[in-house]
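Enquirer: Supplied in structure tokens, the structure appears directly below.
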Amino acid sequence: MSAYPEGPVPLLENLNPEQRAAVTLPHESALILAGAGSGKTRVLTTRIVWLIQTGQVSPHGILAVTFTNKAAKEMLTRISAMLPINTRGMWVGTFHGLSNRLLRTHWREAGLPQSFQILDSADQLSAIKRLMKSMNVDTEKYEPKKVQWFINGNKEAGRRARDAEAFDEYSMRLAELYEAYDAQCQREGVADFPELLLRSYELLYRNEPLRQHYRDRFKHILIDEFQDTNTLQYRWLKLFAGPHTALFAVGDDDQSIYAFRGADTANMAAFEREFAHGNVIKLEQNYRSHGHILTAANTLISQNAHRLGKNLWTAEGEGEPIRIFEAYSDQDEASFVVDEVKTLNREGVALSDMALLYRSNAQSRVLEHALFSAHVPYRVYGGLRFFERQEIKHALAYLRLLTHPEDDGAFLRVVNFPARGIGARTLEQLADHAVRAGGSLWQAACTGSGKVAGFARLVEEMKQATADLPLAEAIDHVIEASGLADYYRADKEGADRLENLNELVNAAALFADESEDNTLDAFLAHAALEAGEHQAGAGHDALQLMTVHAAKGLEFHTVFITGLEESLFPHEQSAHEENGLEEERRLMYVAITRARRRLYLSHAQSRMLHGQVRYGLPSRFLNELPEQVLLHLNRRAEPAYPSGVQQAAGHYGVAAPRSQGNDTGYKVGQSVAHAKFGTGIIIDFEGRGPDARVQVKFRDGGTKWLALAYAKLSPA
DNA sequence: GCGTGACATTTTTTT
DNA sequence: AATGTCACGC
């Protein structure tokens with residue numbers, strides 16, 4: 001490493017004291033509690049650059065871990081912008097990407113075939129279904145999804161089948177399935193996502209020389225979004241960390257929103273205890289949002305009991321108040337958003353600098369419809385990713401067969417697609433043959449005759465024909481020769497799919513160009529690990545639509561958080577989960593802190609959900625915000641129904657039309673207050689005159705029938 | 001073997 | 001409302 005400048009390094013000039021302290025920490029482990037908008041990524045990348053620039057470590061000695069490919073890419077881009085040297089020796093990537101890298105290098109020691117394939121979640125689920133079928137397991141009693149959940153949950157906790165907690169008949173059966181599933185994967189030479197981590201963990205755990213090698217190599221390990229680590233990931237990190245490794249963990253416990261898939265904030269406390277030893281730096285200055293927005297976020301999150309504690313502040317002014325809008329219905333809410341977006345856009349806020357957030361994907365439909373009719377360009381994030389599309393998966397399955405014909409999953413996916421007259425019956429027989437011969441379906445097909453053998457010949461031919469072709473051309477050939485292209489050409493709705501297949505060829509060309517390893521295997525791993533940015537739309541100025549989860553890490557001038565109703569946000573499911581409500585509150589915190597300048601919170605009195613009208617109370621989170629930073633855009637007195645039509649509701653507020661009217665002055669959907677039970681919403685009505693009773697769903701969750709003649713209700 | 005219609009199901013998501 | 005899964009009949 002060349003000489004480095006003495007004295008003040010320009011690199012550090014624009015950092016605040018805490019950021020600078022974090023960046024220039026000596027060679028020891030530390031925990032950085034970085035609040036939303038406090039410059040977390042900047043600190044992380046600047047530290048890497050600083051370490052290298054000051055000659056403390058070579059790129060070779062750095063391991064930086066993120067959760068998403070996007071974050072990894074961003075980090076690399078920023079580093080190379082600051083540092084004119086090549087970053088090749090550095091290990092920067094996702095947990096899964098790095099595990100994959102390790103396993104590809106040491107496949108033999110890890111007990112994997114050199115060309116092992118990666119199963120994504122959907123592949124994994126179908127592998128489980130296939131296994132359960134072959135074992136004659138009742139899928140009513142053991143839902144494949146649950147089995148998958150059990151397997152992954154255990155893997156993510158670092159437990160193999162024999163270590164899985166099994167105490168009753170049911171869980172013991174699950175553990176058996178887990179064991180059989182792992183055996184099947186091993187037989188077929190495939191690894192699911194958690195397997196990548198567990199396998200590389202076990203590899204280093206058992207292989208002392210290898211462990212020593214990596215421990216000596218990595219002087220600095222830096223981890224982004226540490227609050228999202230699960231048990232296995234934390235253990236994985238510990239294995240890489242030798243006595244001379246400094247761990248630099250950056251995270252925000254208040255933004256932990258992935259507990260539902262195993263993330264454990266307890267890792268932060270454990271890390272502080274085991275590594276940081278009190279070496280904790282809090283980044284609390286927020287550079288993103290104006291004061292009122294931060295006040296709202298702080299007040300909200302302070303109502304969580306389980307926190308490490310942190311309070312964001314800003315040097316900016318208070319800014320605008322937070323706008324609250326109560327809509328009659330989801331459609332009303334949507335048209336409100338459309339109007340505001342249009343106005344703001346006219347005033348100069350770029351559409352792409354505005355985000356429309358919701359708790360669950362199903363909510364986007366109404367919003368999209370309204371935006372579409374109003375000709376407001378928008379872009380929806382999430383949904384199906386490129387490499388998850390069926391045509392792409394089909395093409396990839398053919399490609400897998402070329403390098404790894406033992407992959408029964410790939411075989412089954414395309415053996416009869418496009419249709420070749422190979423049905424369930426034939427395949428059952430083939431599976432029988434395979435089991436008896438102790439081989440794969442492919443082997444059985446090769447020794448067989450008829451249509452199945454024809455398929456085997458087809459694959460063989462493709463293999464021959466593509467052997468000497470560059471990656472992209474090989475893929476192009478397979479798409480044609482397999483009959484996929486013809487199939488979609490014949491399908492009148494296949495145009496998009498054809499285009500995607502074309503895109504796949506382009507992606508392969510790009511991959512071959514950029515990557516050092518341009519083999520088909522490498523490309524397949526890439527496809528599984530990086531599901532790919534949902535296509536295009538970039539460059540166009542469009543309103544951003546996404547779930548709150550998807551918004552994490554992003555920021556916008558204006559943010560709309562919609563559907564703030566009880567049971568939607570917080571989601572009703574969260575009530576059944578331990579600490580579920582706190583996670584929902586963190587989710588709300590994340591949503592609020594996305595906004596730089598302007599924040600809208602809206603809720604609707606009625607909403608179409610699962611094809612039925614539901615009535616919801618305003619979210620409790622709205623009540624948890626300090627009134628002085630709020631601006632109520634409206635307080636509507638009359639709820640929205642077609643007049644004269646009564647709506648009855650079930651347990652939760654599902655409406656069914658009823659013909660009778662009433663003369664009491666109360667209506668279904670109306671908010672009312674009760675002296676003892678508090679406020680609630682009328683969800684059903686029966687009887688007339690002195691017998692009239694209403695069913696009220698109260699804020700605390702209870703539902704009661706009340707006789708209007710006795711109960712002292714008042715409109716609220 | 002394949003296409004059709006009845007039926008259930010419905011959070012959040014990355015890898 | 002919309003989507004996927006499954007059983008049934010041709």
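As shown in the structure tokens, the chain order sets the letters A, B, ...; within each chain, residues go from 1, and ligands are also counted from 1 in the order they appear.
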Would you give me, as a PyMOL selection string, the residues of chain A that come within 7 Å of chain B, using only C-alpha atoms (C1' of nucleotides)?

Expert: chain A and resi 68+96+193+360+421+423+529+549

Enquirer: Just the selected residues (N, CA and C atoms), exported as an mmCIF file, in the first residue's frame, please.

Expert:
data_model
loop_
_atom_site.group_PDB
_atom_site.id
_atom_site.type_symbol
_atom_site.label_atom_id
_atom_site.label_comp_id
_atom_site.auth_asym_id
_atom_site.auth_seq_id
_atom_site.Cartn_x
_atom_site.Cartn_y
_atom_site.Cartn_z
ATOM 1 N N THR A 68 -29.160 -7.181 1.104
ATOM 2 C CA THR A 68 -29.698 -7.194 -0.253
ATOM 3 C C THR A 68 -28.582 -6.943 -1.251
ATOM 4 N N HIS A 96 -25.843 -14.559 1.580
ATOM 5 C CA HIS A 96 -26.017 -15.697 0.678
ATOM 6 C C HIS A 96 -24.997 -15.691 -0.446
ATOM 7 N N PHE A 193 -31.780 -21.615 -0.022
ATOM 8 C CA PHE A 193 -31.128 -20.414 0.515
ATOM 9 C C PHE A 193 -30.529 -20.608 1.912
ATOM 10 N N SER A 360 -49.952 -3.750 2.850
ATOM 11 C CA SER A 360 -49.945 -5.011 2.108
ATOM 12 C C SER A 360 -50.203 -4.775 0.628
ATOM 13 N N GLY A 421 -46.904 -34.737 -24.344
ATOM 14 C CA GLY A 421 -47.667 -35.953 -24.115
ATOM 15 C C GLY A 421 -47.066 -36.846 -23.044
ATOM 16 N N GLY A 423 -47.436 -37.448 -19.377
ATOM 17 C CA GLY A 423 -48.334 -37.080 -18.280
ATOM 18 C C GLY A 423 -47.936 -37.678 -16.951
ATOM 19 N N LEU A 529 -29.599 -16.155 -7.008
ATOM 20 C CA LEU A 529 -29.261 -15.270 -5.903
ATOM 21 C C LEU A 529 -29.774 -13.858 -6.112
ATOM 22 N N HIS A 549 -42.476 -2.259 3.820
ATOM 23 C CA HIS A 549 -41.258 -3.067 3.892
ATOM 24 C C HIS A 549 -40.290 -2.711 2.766
#

Enquirer: Skip Asn267 in chain A itself and residues of its chain fewer than 6 positions away, then list as a JSON list (two decimals) with C-alpha atoms, in the first residue's frame all residues within 9 Å of it, counting only C-alpha atoms (C1' of nucleotides).

Expert:
[["chain", "number", "residue", "atom", "x", "y", "z"],
["A", 226, "PHE", "CA", -27.33, -5.75, 11.78],
["A", 227, "GLN", "CA", -30.80, -5.74, 13.35],
["A", 228, "ASP", "CA", -31.95, -8.01, 10.55],
["A", 229, "THR", "CA", -29.55, -10.85, 11.30],
["A", 230, "ASN", "CA", -30.94, -14.17, 12.39],
["A", 231, "THR", "CA", -29.31, -16.68, 14.71],
["A", 234, "TYR", "CA", -24.77, -14.11, 13.67]]

Enquirer: May I have the residues of chain C within 12 Å of chain A, counting only C-alpha atoms (C1' of nucleotides), written as number ranges by chain?

Expert: C: 1-3

Enquirer: Identify, with DSSP run on backbone atoms, the residues in range 49-84 of chain A assigned to helix (DSSP H, G or I), and express the list as a VMD selection string.

Expert: chain A and resid 49 to 53 59 to 61 69 to 82

Enquirer: Need to verify the contact set: Leu367 in chain A, 10 Å, only C-alpha atoms (C1' of nucleotides), exclusion of same-chain residues closer than 6 positions in sequence. Can you return it as an mmCIF file with N, CA and C atoms, in the first residue's frame?

Expert:
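Below you can see result_30.cif, which holds the result:
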data_model
loop_
_atom_site.group_PDB
_atom_site.id
_atom_site.type_symbol
_atom_site.label_atom_id
_atom_site.label_comp_id
_atom_site.auth_asym_id
_atom_site.auth_seq_id
_atom_site.Cartn_x
_atom_site.Cartn_y
_atom_site.Cartn_z
ATOM 1 N N ASP A 330 -61.944 3.454 0.506
ATOM 2 C CA ASP A 330 -60.629 3.300 -0.114
ATOM 3 C C ASP A 330 -60.540 4.086 -1.422
ATOM 4 N N GLN A 331 -61.667 4.152 -2.138
ATOM 5 C CA GLN A 331 -61.645 4.879 -3.409
ATOM 6 C C GLN A 331 -61.519 6.375 -3.172
ATOM 7 N N ASP A 332 -62.210 6.809 -2.141
ATOM 8 C CA ASP A 332 -62.137 8.206 -1.752
ATOM 9 C C ASP A 332 -60.696 8.551 -1.361
ATOM 10 N N GLU A 333 -60.088 7.648 -0.633
ATOM 11 C CA GLU A 333 -58.701 7.824 -0.219
ATOM 12 C C GLU A 333 -57.794 7.942 -1.444
ATOM 13 N N ALA A 334 -58.036 7.045 -2.393
ATOM 14 C CA ALA A 334 -57.217 7.050 -3.604
ATOM 15 C C ALA A 334 -57.361 8.358 -4.362
ATOM 16 N N SER A 335 -58.595 8.858 -4.455
ATOM 17 C CA SER A 335 -58.754 10.074 -5.250
ATOM 18 C C SER A 335 -58.154 11.269 -4.512
ATOM 19 N N VAL A 337 -55.414 11.082 -2.721
ATOM 20 C CA VAL A 337 -53.982 10.964 -3.012
ATOM 21 C C VAL A 337 -53.682 11.495 -4.408
ATOM 22 N N VAL A 338 -54.507 11.097 -5.359
ATOM 23 C CA VAL A 338 -54.298 11.546 -6.729
ATOM 24 C C VAL A 338 -54.303 13.069 -6.812
ATOM 25 N N LEU A 356 -45.976 6.356 -2.391
ATOM 26 C CA LEU A 356 -47.282 5.952 -1.899
ATOM 27 C C LEU A 356 -47.086 4.601 -1.231
ATOM 28 N N TYR A 358 -48.124 1.407 1.482
ATOM 29 C CA TYR A 358 -49.228 0.662 2.069
ATOM 30 C C TYR A 358 -48.673 -0.548 2.796
ATOM 31 N N LEU A 545 -44.864 3.445 -5.921
ATOM 32 C CA LEU A 545 -45.797 2.685 -5.083
ATOM 33 C C LEU A 545 -45.106 1.454 -4.518
ATOM 34 N N THR A 562 -50.944 5.083 3.472
ATOM 35 C CA THR A 562 -52.384 4.886 3.320
ATOM 36 C C THR A 562 -52.870 3.680 4.112
#

Enquirer: Give me the residues within 6 Å of Asn286 in chain A as a list in words, counting only C-alpha atoms (C1' of nucleotides) and dropping any in the same chain fewer than 4 places off.

Expert: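 My reading of the contact set: Gly37, Ser38, Trp313 and Thr314 of chain A.
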
Enquirer: Next, the residues of the selection above should be written as an mmCIF file, in the first residue's frame with C-alpha atoms.

Expert:
data_model
loop_
_atom_site.group_PDB
_atom_site.id
_atom_site.type_symbol
_atom_site.label_atom_id
_atom_site.label_comp_id
_atom_site.auth_asym_id
_atom_site.auth_seq_id
_atom_site.Cartn_x
_atom_site.Cartn_y
_atom_site.Cartn_z
ATOM 1 C CA GLY A 37 -31.413 9.057 7.935
ATOM 2 C CA SER A 38 -28.298 9.414 10.075
ATOM 3 C CA TRP A 313 -32.906 15.053 16.192
ATOM 4 C CA THR A 314 -32.426 17.423 13.320
#

Enquirer: Any idea what the distance is between CA of Leu247 in chain A and CA of Arg586 in chain A?

Expert: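 The value is 25.9 Å.
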